[in-house]
Amino acid sequence: MNLLHTLLTLYTWGIFCGLIIVLQRVARFYQITSGQRSHYQWFLLPLILSLAGALRYAMLSTFVGDGWGDLFLLTGGISLIILSYFLLHLMTGGRS
């Protein structure tokens, strides 16, 4: 059961981190084509924090209750929300 939990945790968070990479590549493409700074490098922060939280939970083989894992995932999520909103605002010209 612990091995299954570890594999499912890594698989699920791996897909989530893959989506962050896609968003980072969209921001990079927008910066290259428009000439406006999208700060695509900062998308590595939520990627690293989410990976750290996922690895923490995978190593502990638990679903909830780890303070460090929760902190990593919370800060990664908040930074992803902020960066995504900034990118949306930049790409839509403030019409969102």
# chains A, B, ... in the order shown; residues from 1 in each chain; ligands from 1
>>> residues_around(residues="region 14-26 of chain A", least_positions_apart="4", cutoff="8 Å", atoms="only C-alpha atoms", output="VMD selection string")
chain A and resid 10 30 40 to 41 43 to 44 46 to 47 50 to 51
>>> write_last_selection(atoms="N, CA, C and O atoms", output="short mmCIF file (atom, residue, chain, number, x, y, z; two decimals), in the first residue's frame")
data_model
loop_
_atom_site.label_atom_id
_atom_site.label_comp_id
_atom_site.auth_asym_id
_atom_site.auth_seq_id
_atom_site.Cartn_x
_atom_site.Cartn_y
_atom_site.Cartn_z
N LEU A 10 3.51 10.67 -6.69
CA LEU A 10 4.49 11.20 -7.63
C LEU A 10 3.89 11.37 -9.02
O LEU A 10 4.18 12.36 -9.72
N TYR A 30 5.35 34.14 -25.13
CA TYR A 30 4.73 35.47 -25.17
C TYR A 30 5.80 36.55 -25.06
O TYR A 30 5.73 37.57 -25.75
N TYR A 40 9.04 34.87 -17.08
CA TYR A 40 8.80 33.42 -17.15
C TYR A 40 9.75 32.62 -16.27
O TYR A 40 9.43 31.51 -15.88
N GLN A 41 10.89 33.17 -15.93
CA GLN A 41 11.84 32.47 -15.07
C GLN A 41 11.26 32.23 -13.67
O GLN A 41 11.62 31.25 -13.02
N PHE A 43 8.45 31.18 -12.90
CA PHE A 43 7.59 30.00 -12.83
C PHE A 43 8.34 28.78 -12.31
O PHE A 43 7.72 27.76 -12.00
N LEU A 44 9.66 28.88 -12.21
CA LEU A 44 10.42 27.79 -11.60
C LEU A 44 10.17 27.71 -10.09
O LEU A 44 10.28 26.63 -9.51
N PRO A 46 7.22 28.11 -8.22
CA PRO A 46 6.14 27.18 -7.85
C PRO A 46 6.42 25.75 -8.27
O PRO A 46 5.98 24.81 -7.60
N LEU A 47 7.17 25.57 -9.34
CA LEU A 47 7.53 24.23 -9.78
C LEU A 47 8.40 23.54 -8.74
O LEU A 47 8.13 22.40 -8.33
N SER A 50 6.36 22.96 -5.44
CA SER A 50 5.40 21.86 -5.58
C SER A 50 6.10 20.52 -5.60
O SER A 50 5.63 19.55 -5.00
N LEU A 51 7.22 20.44 -6.29
CA LEU A 51 8.00 19.20 -6.30
C LEU A 51 8.50 18.85 -4.91
O LEU A 51 8.49 17.68 -4.51
#
>>> residues_around(residues="region 62-75 of chain A", least_positions_apart="6", cutoff="7 Å", atoms="only C-alpha atoms", output="list of chain:residue names")
A:Leu49, A:Ser50, A:Ala52, A:Gly53, A:Arg56
>>> atom_distance(atom1="CA of Ala58 (chain A)", atom2="CA of Thr6 (chain A)")
4.7 Å
>>> closest_residue(among="A:Leu60, A:Leu8, A:Leu87, A:Leu55", to="His39 (chain A)", atoms="only C-alpha atoms")
A:Leu87
>>> select_by_dssp(residues="region 3-96 of chain A", states="alpha helix (DSSP H)", output="number ranges by chain")
A: 3-34, 44-60, 67-92
>>> atom_distance(atom1="CA of Asn2 (chain A)", atom2="CA of Ser61 (chain A)")
5.8 Å
>>> atom_distance(atom1="CA of Tyr85 (chain A)", atom2="CA of Thr9 (chain A)")
26.9 Å
>>> closest_residue(among="A:Leu7, A:Ile82, A:Gly77, A:Trp42", to="Arg28 (chain A)", atoms="only C-alpha atoms")
A:Trp42
